[in-house]
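To start, the structure under review is shown below, and the notes come after it.
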Amino acid sequence: MPASHCRPAPSRRQVLFTASAATAAAATTAGVAAATPAAHAGATPSPTNGAHRPGPLLEPFPLSAVRLLDSPFLPFLANMRRTCAYLRFVDPDRLLHTFRLNVGLPSAAEPCGGWEAPDVQLRGHTTGHLLSALAQAHAGTGETAYADKARLLVSALAECQRAAPAAGFHRGYLSAFPESVFDQLEAGGKPWAPYYTLHKIMAGLLDQYRLSGNREAFDVLLEMAAWTEARTAPLSRERMQSVLKVEFGGMNDVLARLHLETGDPVHLRTARRFDHDELYAPLAAGRDELAGRHANTEIAKVVGAVPAYEATGDRRYLDIADTFWTTVVRHHSYAIGGNSNQELLGPPDEIASRLSEVTCENCNSYNMLRLGRDLFRHDPQRTEYLDHYEWTLYNQMLAEQDPDSAHGFVTYYTGLWAGSRREPKGGLGSAPGSYSGDYDNFSCDHGTGLETHTKFADTVYFRTPGTRRPALHVNLFVPSEVCWEELGVTLRQDTDMPTGDRTRLSVTGGEARFALRIRVPVWRPAPDNPQVKAVSYGPLVLAGAYGDTPLTTLPTVRPDTLRRTPGEPTRFTAVADGRRIPLRPFHEIHHQRYNVYWSVTPPSPTAGDVARYPLDEGHGTSPCPSTRPAWSPWSG
């Protein structure tokens, strides 16, 4: 974080806090000089009806205000550095190749493979993810190389958009495939998700504008939004609902957020056209009709319900989002926080019968974390949202990246059947746990991986809007610094969690008073099957490391044999199928077979062996969670 982002006042004093995980709230005073929020680069006029909107009770700090610190226990910063190395490496001209050819512009670049190959209909989606990741990397590091690369990419996309009419497309159209694909879609066909790809590009352009101040990106986005309005406005409601049967990503989300940015009611009208009744109606009525539905298709639709609530004040949207999140987390999620088997949601509370090498698509969890984060900002008392966020972040999202790859390659699925493994290499058609590559994969999870590993800092801290009654919320226990520029203070967090139970907060600055609120974590069991369990240490799921040993069924473990490895605070062993097996944090196990779910044999764990905490609705009154390992039942 550049030093100029938060200058210390001439009078400086330091206040040190040592807080356990049970600390619910604290207040602090430190020296501060008042500061005026920086004007938003290239900002458009504020919405005229903003006073009537139900804005969130909390807001995130800008990514530019939060800096990750090195941690010996959790590789947040290391993962980010690997992904940033890929962002510097990847050749934009190769990704632009199909965009240029689509509108008749010359390109001598080598075509990409995988989902970006010239004959794959989803081509173009990675460019949107890349734009978002470059914006986040620029904001998170302050390094102009990411903004410079994005400016070149955006300018090339703008050139393709300007050439669209001459290629026979309507004004504003921007894609790597012809506009006729939308004719097929509107006629009842099932092309591979054309609006999904447009959403990724539009979201990337919005991120470039909001995080990097790229005005040209915003202009291109406005043209795309106008094209979308013109394309969908003539469709009857029935025809539009038919169109929505084909995956469309988060078109409602990006258009609603664009409306919140500009105040233009046309963007909101277009966004609401993407409300999918088939999904929204049962959720609004509180019904779980998710079995058999493609998980990430539906999650992305629901993410858009929260900005729709903020834009309209219609409580139905917030109820839809909350019902969906609660249903998926409590009744459809695995021990590591993810969901889906073969990309589909199943009947509620069936987990043990739905274990395979293709569980937990990583895109699902990327979007579930976005949804939970947004819901928490509207209901900060319900810390259950952040408990799931932490659990999934530590166990699934950190684990998706190969620590031995210089470019941060990621997996598509996180398999949970006995003996699953993550290994190189991941061209299309590779084994389920294979990692992606530089130019031969480009799956959706490759794309969301670029975003996940460049925005770890975006949820560590929140704050109350304005400065009348300022409060800083410490949401996650991640070594980091946050600069609250408006108050002129900096808070640094040094923590030994999750290996210990203490975090140290150091506040520097001038004269200021603000509340300091620290989340009380609840590391809880899910709906149970007494015979199938997973073991966790605090928020870390522990997995058995099996090397190259294949497994054909769930190993039978004796919980009473669990022992800590001397000198290793997060490593243990236990006897399973007659031999002692090493247990390590799930995110540390790569390039070998592993096991997460166990058949449990008597003797059952006693009160001293088990730490059980009932599901807390998140009011911050639960006891401090134990850091001894817990054998938690995870449904079936």
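Naming scheme: A, B, ... for chains in displayed order of the structure tokens; residues 1 onward per chain; ligands 1 onward as shown.
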Show me, as an NGL selection string, the residues that have an atom within 10 Å of region 184-197 of chain A when counting only C-alpha atoms, minus same-chain residues fewer than 5 positions from it. :A and (120-129 or 175-179 or 202 or 228 or 231-232 or 235 or 239-240 or 242-251 or 297 or 300 or 444)
Closest contacts (region 48-79 of chain A/region 306-312 of chain A, max 6 Å, only C-alpha atoms) as CSV:
```
residue,atom,partner,partner_atom,distance
A:Arg53,CA,A:Glu310,CA,5.7
A:Pro54,CA,A:Glu310,CA,5.4
A:Gly55,CA,A:Glu310,CA,5.8
```
Give me, as a PyMOL selection string, all polymer residues having an atom no more than 9 Å from Gly104 (chain A), counting only C-alpha atoms and skipping those fewer than 4 positions away in the same chain. chain A and resi 99-100+160+163-164+166-167
Just C-alpha atoms for this one: save the residues we selected as an mmCIF file, in the first residue's frame.
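Result saved to part_4.cif:
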```
data_model
loop_
_atom_site.group_PDB
_atom_site.id
_atom_site.type_symbol
_atom_site.label_atom_id
_atom_site.label_comp_id
_atom_site.auth_asym_id
_atom_site.auth_seq_id
_atom_site.Cartn_x
_atom_site.Cartn_y
_atom_site.Cartn_z
ATOM 1 C CA PHE A 99 -12.656 -10.492 -30.576
ATOM 2 C CA ARG A 100 -10.765 -8.937 -33.466
ATOM 3 C CA CYS A 160 -13.715 -3.930 -31.609
ATOM 4 C CA ALA A 163 -16.105 -1.920 -35.629
ATOM 5 C CA ALA A 164 -19.231 -3.925 -34.783
ATOM 6 C CA ALA A 166 -19.350 -2.510 -40.099
ATOM 7 C CA ALA A 167 -19.276 -6.252 -39.329
#
```
What residues in region 39-150 of chain A get the DSSP label strand (DSSP E or B)? Please answer as a list in words.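 Residues of region 39-150 of chain A classed as strand (DSSP E or B): Glu59, Pro60, Val66, Arg67 and Leu68 of chain A.
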Just write the chosen residues, N, CA, C and O atoms, as an mmCIF file, in the first residue's frame.
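So result.cif came out as:
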```
data_model
loop_
_atom_site.group_PDB
_atom_site.id
_atom_site.type_symbol
_atom_site.label_atom_id
_atom_site.label_comp_id
_atom_site.auth_asym_id
_atom_site.auth_seq_id
_atom_site.Cartn_x
_atom_site.Cartn_y
_atom_site.Cartn_z
ATOM 1 N N GLU A 59 -19.878 -0.789 4.882
ATOM 2 C CA GLU A 59 -19.257 -0.684 3.574
ATOM 3 C C GLU A 59 -17.826 -1.203 3.660
ATOM 4 O O GLU A 59 -17.173 -1.097 4.706
ATOM 5 N N PRO A 60 -17.320 -1.771 2.568
ATOM 6 C CA PRO A 60 -15.938 -2.240 2.585
ATOM 7 C C PRO A 60 -14.968 -1.074 2.471
ATOM 8 O O PRO A 60 -15.319 -0.008 1.954
ATOM 9 N N VAL A 66 -6.194 -1.572 2.018
ATOM 10 C CA VAL A 66 -5.886 -2.765 2.814
ATOM 11 C C VAL A 66 -4.682 -3.473 2.203
ATOM 12 O O VAL A 66 -4.630 -3.713 0.990
ATOM 13 N N ARG A 67 -3.723 -3.812 3.041
ATOM 14 C CA ARG A 67 -2.518 -4.498 2.577
ATOM 15 C C ARG A 67 -2.342 -5.801 3.337
ATOM 16 O O ARG A 67 -2.350 -5.816 4.570
ATOM 17 N N LEU A 68 -2.217 -6.895 2.599
ATOM 18 C CA LEU A 68 -1.962 -8.190 3.221
ATOM 19 C C LEU A 68 -0.525 -8.258 3.714
ATOM 20 O O LEU A 68 0.391 -7.722 3.091
#
```
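Closest approach to Arg272 (chain A) among A:Gln401, A:Asn252, A:Thr359, A:Thr556 is made by A:Asn252 (distances from only C-alpha atoms).
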Please identify all polymer residues within 12 Å of Val478 (chain A), counting only C-alpha atoms, omitting same-chain residues fewer than 5 positions from it, and present them as a ChimeraX atom specification. /A:66-77,390,393-394,456-461,492-498,502-505
Give me a file of those residues, with C-alpha atoms, as a compact mmCIF listing (two decimals), in the first residue's frame.
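That gives us part-v7.txt:
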```
# COMPACT_ATOMS: atom_id res chain seq x y z
CA VAL A 66 -5.89 -2.76 2.81
CA ARG A 67 -2.52 -4.50 2.58
CA LEU A 68 -1.96 -8.19 3.22
CA LEU A 69 1.01 -9.19 5.37
CA ASP A 70 3.04 -12.38 5.23
CA SER A 71 1.70 -15.24 7.34
CA PRO A 72 3.50 -18.44 8.33
CA PHE A 73 0.15 -20.21 8.68
CA LEU A 74 -2.12 -19.16 5.79
CA PRO A 75 -0.83 -18.38 2.26
CA PHE A 76 -3.07 -15.46 1.33
CA LEU A 77 -0.23 -13.19 0.21
CA GLU A 390 -14.12 -17.83 6.61
CA LEU A 393 -12.08 -19.19 2.15
CA TYR A 394 -9.63 -21.11 4.33
CA PHE A 456 -8.43 -11.62 -0.34
CA ALA A 457 -8.23 -8.21 1.35
CA ASP A 458 -11.72 -7.05 0.40
CA THR A 459 -13.62 -8.55 3.35
CA VAL A 460 -11.07 -8.51 6.20
CA TYR A 461 -12.41 -5.14 7.41
CA ARG A 492 -2.42 -3.42 11.81
CA GLN A 493 -3.49 -6.97 12.61
CA ASP A 494 -0.93 -9.59 13.64
CA THR A 495 -2.48 -12.92 14.47
CA ASP A 496 -1.55 -16.50 15.26
CA MET A 497 -5.00 -17.71 14.28
CA PRO A 498 -5.98 -20.33 13.29
CA ARG A 502 -5.25 -14.47 19.81
CA THR A 503 -4.99 -11.51 17.46
CA ARG A 504 -3.03 -8.30 18.12
CA LEU A 505 -4.38 -5.00 16.78
```
How far is it from CA of His388 (chain A) to CA of Asp322 (chain A), in Å with one decimal? 13.5 Å
Residues at most 12 Å from Asp319 (chain A), counting only C-alpha atoms, excluding those fewer than 6 positions away in the same chain, as a PyMOL selection string? chain A and resi 280-287+302+305-306+308-309+313+325-327+375+378
Please, could you write that set of residues out with all heavy atoms as a compact mmCIF listing (two decimals), in the first residue's frame?
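Below is the file part_28.txt, written as the result:
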```
# COMPACT_ATOMS: atom_id res chain seq x y z
N TYR A 280 -36.78 -17.57 -8.61
CA TYR A 280 -37.12 -16.59 -7.58
C TYR A 280 -38.43 -16.90 -6.86
O TYR A 280 -38.55 -16.67 -5.65
CB TYR A 280 -37.20 -15.21 -8.21
CG TYR A 280 -35.88 -14.49 -8.35
CD1 TYR A 280 -34.67 -15.18 -8.28
CD2 TYR A 280 -35.82 -13.12 -8.58
CE1 TYR A 280 -33.46 -14.53 -8.42
CE2 TYR A 280 -34.61 -12.45 -8.72
CZ TYR A 280 -33.43 -13.15 -8.64
OH TYR A 280 -32.24 -12.50 -8.77
N ALA A 281 -39.43 -17.40 -7.58
CA ALA A 281 -40.76 -17.59 -6.97
C ALA A 281 -40.73 -18.55 -5.79
O ALA A 281 -41.22 -18.23 -4.70
CB ALA A 281 -41.77 -18.04 -8.01
N PRO A 282 -40.16 -19.76 -5.92
CA PRO A 282 -40.13 -20.64 -4.74
C PRO A 282 -39.26 -20.10 -3.61
O PRO A 282 -39.58 -20.29 -2.43
CB PRO A 282 -39.57 -21.96 -5.30
CG PRO A 282 -38.97 -21.64 -6.61
CD PRO A 282 -39.68 -20.45 -7.12
N LEU A 283 -38.17 -19.41 -3.94
CA LEU A 283 -37.33 -18.84 -2.89
C LEU A 283 -38.08 -17.75 -2.14
O LEU A 283 -37.99 -17.65 -0.91
CB LEU A 283 -36.04 -18.28 -3.50
CG LEU A 283 -35.04 -19.30 -4.02
CD1 LEU A 283 -33.92 -18.60 -4.77
CD2 LEU A 283 -34.47 -20.15 -2.88
N ALA A 284 -38.83 -16.93 -2.85
CA ALA A 284 -39.62 -15.88 -2.20
C ALA A 284 -40.66 -16.47 -1.26
O ALA A 284 -41.03 -15.86 -0.25
CB ALA A 284 -40.29 -15.00 -3.24
N ALA A 285 -41.12 -17.69 -1.58
CA ALA A 285 -42.09 -18.37 -0.73
C ALA A 285 -41.42 -19.23 0.34
O ALA A 285 -42.11 -19.91 1.11
CB ALA A 285 -43.00 -19.25 -1.59
N GLY A 286 -40.10 -19.21 0.39
CA GLY A 286 -39.38 -19.96 1.42
C GLY A 286 -39.22 -21.44 1.13
O GLY A 286 -38.96 -22.22 2.05
N ARG A 287 -39.35 -21.85 -0.14
CA ARG A 287 -39.28 -23.27 -0.48
C ARG A 287 -37.93 -23.63 -1.08
O ARG A 287 -37.34 -22.86 -1.85
CB ARG A 287 -40.38 -23.64 -1.49
CG ARG A 287 -41.80 -23.41 -0.98
CD ARG A 287 -42.81 -24.11 -1.88
NE ARG A 287 -42.69 -23.75 -3.27
CZ ARG A 287 -43.32 -22.71 -3.85
NH1 ARG A 287 -44.08 -21.93 -3.10
NH2 ARG A 287 -43.17 -22.46 -5.14
N VAL A 302 -28.82 -15.26 -8.01
CA VAL A 302 -29.22 -14.76 -6.69
C VAL A 302 -28.28 -13.67 -6.20
O VAL A 302 -28.71 -12.76 -5.47
CB VAL A 302 -29.31 -15.93 -5.69
CG1 VAL A 302 -29.66 -15.43 -4.30
CG2 VAL A 302 -30.36 -16.94 -6.16
N ALA A 305 -29.69 -10.36 -6.64
CA ALA A 305 -30.88 -9.94 -5.88
C ALA A 305 -30.53 -8.86 -4.86
O ALA A 305 -31.39 -8.02 -4.54
CB ALA A 305 -31.51 -11.15 -5.19
N VAL A 306 -29.32 -8.88 -4.33
CA VAL A 306 -28.97 -7.88 -3.30
C VAL A 306 -28.87 -6.48 -3.88
O VAL A 306 -29.49 -5.54 -3.35
CB VAL A 306 -27.68 -8.29 -2.55
CG1 VAL A 306 -27.34 -7.24 -1.49
CG2 VAL A 306 -27.85 -9.66 -1.89
N ALA A 308 -30.35 -5.48 -6.46
CA ALA A 308 -31.72 -5.14 -6.86
C ALA A 308 -32.51 -4.60 -5.67
O ALA A 308 -33.30 -3.66 -5.80
CB ALA A 308 -32.41 -6.37 -7.45
N TYR A 309 -32.30 -5.19 -4.48
CA TYR A 309 -32.94 -4.67 -3.27
C TYR A 309 -32.44 -3.27 -2.96
O TYR A 309 -33.23 -2.36 -2.64
CB TYR A 309 -32.64 -5.61 -2.10
CG TYR A 309 -32.94 -5.02 -0.75
CD1 TYR A 309 -34.25 -4.75 -0.36
CD2 TYR A 309 -31.91 -4.72 0.14
CE1 TYR A 309 -34.53 -4.19 0.88
CE2 TYR A 309 -32.17 -4.18 1.39
CZ TYR A 309 -33.48 -3.91 1.75
OH TYR A 309 -33.76 -3.35 2.98
N GLY A 313 -35.58 -1.07 -3.07
CA GLY A 313 -36.19 -1.10 -1.75
C GLY A 313 -37.19 -2.22 -1.58
O GLY A 313 -37.84 -2.33 -0.52
N TRP A 325 -29.22 -18.35 0.37
CA TRP A 325 -27.95 -18.54 1.08
C TRP A 325 -28.14 -19.51 2.24
O TRP A 325 -27.34 -20.44 2.42
CB TRP A 325 -27.43 -17.20 1.59
CG TRP A 325 -26.09 -17.29 2.25
CD1 TRP A 325 -24.87 -17.11 1.66
CD2 TRP A 325 -25.81 -17.63 3.61
NE1 TRP A 325 -23.86 -17.30 2.57
CE2 TRP A 325 -24.41 -17.63 3.77
CE3 TRP A 325 -26.62 -17.94 4.69
CZ2 TRP A 325 -23.80 -17.93 4.99
CZ3 TRP A 325 -26.01 -18.24 5.92
CH2 TRP A 325 -24.62 -18.23 6.06
N THR A 326 -29.17 -19.30 3.04
CA THR A 326 -29.39 -20.14 4.22
C THR A 326 -29.65 -21.58 3.82
O THR A 326 -29.12 -22.52 4.44
CB THR A 326 -30.58 -19.59 5.04
OG1 THR A 326 -30.31 -18.23 5.41
CG2 THR A 326 -30.82 -20.42 6.28
N THR A 327 -30.42 -21.78 2.78
CA THR A 327 -30.74 -23.13 2.33
C THR A 327 -29.50 -23.85 1.83
O THR A 327 -29.25 -25.01 2.19
CB THR A 327 -31.80 -23.07 1.21
OG1 THR A 327 -32.98 -22.44 1.71
CG2 THR A 327 -32.14 -24.46 0.70
N LEU A 375 -24.88 -9.93 1.98
CA LEU A 375 -25.94 -10.08 2.98
C LEU A 375 -25.47 -9.61 4.35
O LEU A 375 -26.23 -8.98 5.10
CB LEU A 375 -26.40 -11.54 3.04
CG LEU A 375 -27.25 -12.00 1.85
CD1 LEU A 375 -27.41 -13.52 1.88
CD2 LEU A 375 -28.62 -11.33 1.87
N HIS A 378 -25.80 -5.97 5.06
CA HIS A 378 -27.15 -5.51 5.38
C HIS A 378 -27.61 -5.99 6.76
O HIS A 378 -28.55 -5.42 7.32
CB HIS A 378 -28.14 -5.98 4.32
CG HIS A 378 -28.08 -5.18 3.05
ND1 HIS A 378 -28.76 -4.00 2.89
CD2 HIS A 378 -27.39 -5.37 1.90
CE1 HIS A 378 -28.50 -3.49 1.68
NE2 HIS A 378 -27.68 -4.31 1.07
```
Find the distance between CA of Leu206 (chain A) and CA of Leu221 (chain A) and write it in Å to one decimal.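 Atom-to-atom, CA of Leu206 (chain A) and CA of Leu221 (chain A) are spaced 7.0 Å apart.
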Long-range neighbours of His473 (chain A) as a ChimeraX atom specification, 10 Å cut-off, only C-alpha atoms, 3 positions minimum in chain: /A:25,58-60,380,459-464,476,515-519
Which residue is closest to Ser443 (chain A)? Choose from A:Cys112, A:Ala150, A:Ile336, A:Leu398 and count only C-alpha atoms. A:Cys112
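Excluding Tyr366 (chain A) itself and any same-chain residue fewer than 3 positions from it, the protein and nucleic acid residues within 10 Å of it, counting only C-alpha atoms, are Asn296, Ile299, Ala300, Gly338, Glu361, Asn362, Cys363, Leu369, Arg370, Leu371, Tyr389, Thr392, Leu393, Gln396, Met397, Asp445, Thr448, Gly449, Glu451 and Thr452 of chain A.
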Please dump the current selection as a compact mmCIF listing (two decimals), in the first residue's frame; keep N, CA, C and O atoms.
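So out.txt came out as:
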```
# COMPACT_ATOMS: atom_id res chain seq x y z
N ASN A 296 -24.02 -23.30 -10.06
CA ASN A 296 -23.47 -21.98 -10.28
C ASN A 296 -24.35 -21.11 -11.16
O ASN A 296 -24.33 -19.88 -11.05
N ILE A 299 -26.68 -19.70 -8.40
CA ILE A 299 -26.02 -18.82 -7.42
C ILE A 299 -25.78 -17.44 -8.02
O ILE A 299 -26.04 -16.41 -7.39
N ALA A 300 -25.30 -17.40 -9.26
CA ALA A 300 -25.01 -16.11 -9.89
C ALA A 300 -26.27 -15.26 -10.04
O ALA A 300 -26.22 -14.04 -9.90
N GLY A 338 -17.98 -25.73 0.30
CA GLY A 338 -18.49 -25.73 -1.06
C GLY A 338 -19.76 -26.55 -1.20
O GLY A 338 -20.27 -27.14 -0.25
N GLU A 361 -17.58 -27.45 -7.18
CA GLU A 361 -17.04 -26.59 -8.22
C GLU A 361 -16.63 -25.26 -7.58
O GLU A 361 -17.39 -24.66 -6.82
N ASN A 362 -15.43 -24.81 -7.90
CA ASN A 362 -14.89 -23.64 -7.19
C ASN A 362 -15.61 -22.34 -7.55
O ASN A 362 -15.68 -21.42 -6.74
N CYS A 363 -16.18 -22.24 -8.77
CA CYS A 363 -16.97 -21.05 -9.11
C CYS A 363 -18.15 -20.87 -8.18
O CYS A 363 -18.54 -19.75 -7.86
N LEU A 369 -19.52 -16.71 -1.69
CA LEU A 369 -18.83 -15.75 -0.82
C LEU A 369 -19.26 -14.32 -1.15
O LEU A 369 -19.43 -13.49 -0.26
N ARG A 370 -19.44 -14.04 -2.42
CA ARG A 370 -19.94 -12.70 -2.79
C ARG A 370 -21.33 -12.47 -2.19
O ARG A 370 -21.62 -11.39 -1.67
N LEU A 371 -22.18 -13.49 -2.27
CA LEU A 371 -23.54 -13.36 -1.75
C LEU A 371 -23.54 -13.18 -0.24
O LEU A 371 -24.21 -12.28 0.29
N TYR A 389 -18.13 -17.69 5.29
CA TYR A 389 -17.13 -17.05 4.44
C TYR A 389 -15.72 -17.50 4.82
O TYR A 389 -14.93 -17.91 3.98
N THR A 392 -15.10 -21.34 4.10
CA THR A 392 -14.92 -21.64 2.69
C THR A 392 -13.62 -21.05 2.15
O THR A 392 -12.91 -21.68 1.35
N LEU A 393 -13.30 -19.85 2.59
CA LEU A 393 -12.08 -19.19 2.15
C LEU A 393 -10.85 -19.98 2.56
O LEU A 393 -9.95 -20.24 1.75
N GLN A 396 -11.55 -24.20 0.99
CA GLN A 396 -11.70 -24.47 -0.45
C GLN A 396 -10.92 -23.50 -1.32
O GLN A 396 -10.19 -23.92 -2.21
N MET A 397 -11.06 -22.21 -1.07
CA MET A 397 -10.48 -21.25 -2.00
C MET A 397 -8.95 -21.22 -1.90
O MET A 397 -8.27 -21.14 -2.93
N ASP A 445 -13.50 -21.66 -13.86
CA ASP A 445 -12.80 -21.64 -12.58
C ASP A 445 -11.40 -21.04 -12.70
O ASP A 445 -10.90 -20.45 -11.74
N THR A 448 -12.50 -17.31 -12.42
CA THR A 448 -12.82 -16.84 -11.07
C THR A 448 -11.61 -16.96 -10.15
O THR A 448 -11.48 -16.19 -9.19
N GLY A 449 -10.70 -17.90 -10.46
CA GLY A 449 -9.47 -18.00 -9.67
C GLY A 449 -8.63 -16.74 -9.78
O GLY A 449 -8.00 -16.32 -8.80
N GLU A 451 -9.74 -13.81 -10.02
CA GLU A 451 -10.37 -12.82 -9.15
C GLU A 451 -10.22 -13.17 -7.68
O GLU A 451 -9.90 -12.31 -6.85
N THR A 452 -10.46 -14.43 -7.33
CA THR A 452 -10.39 -14.85 -5.92
C THR A 452 -9.06 -14.49 -5.30
O THR A 452 -9.01 -13.94 -4.18
```
Identify, with DSSP run on backbone atoms, the residues in region 301-458 of chain A assigned to helix (DSSP H, G or I), and express the list as a PyMOL selection string. chain A and resi 301-303+305-312+315-331+352-354+362-378+384-397+444-452+456-458
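Reported to one decimal place, the separation of CA of Gly544 (chain A) from CA of Ile581 (chain A) is 6.2 Å.
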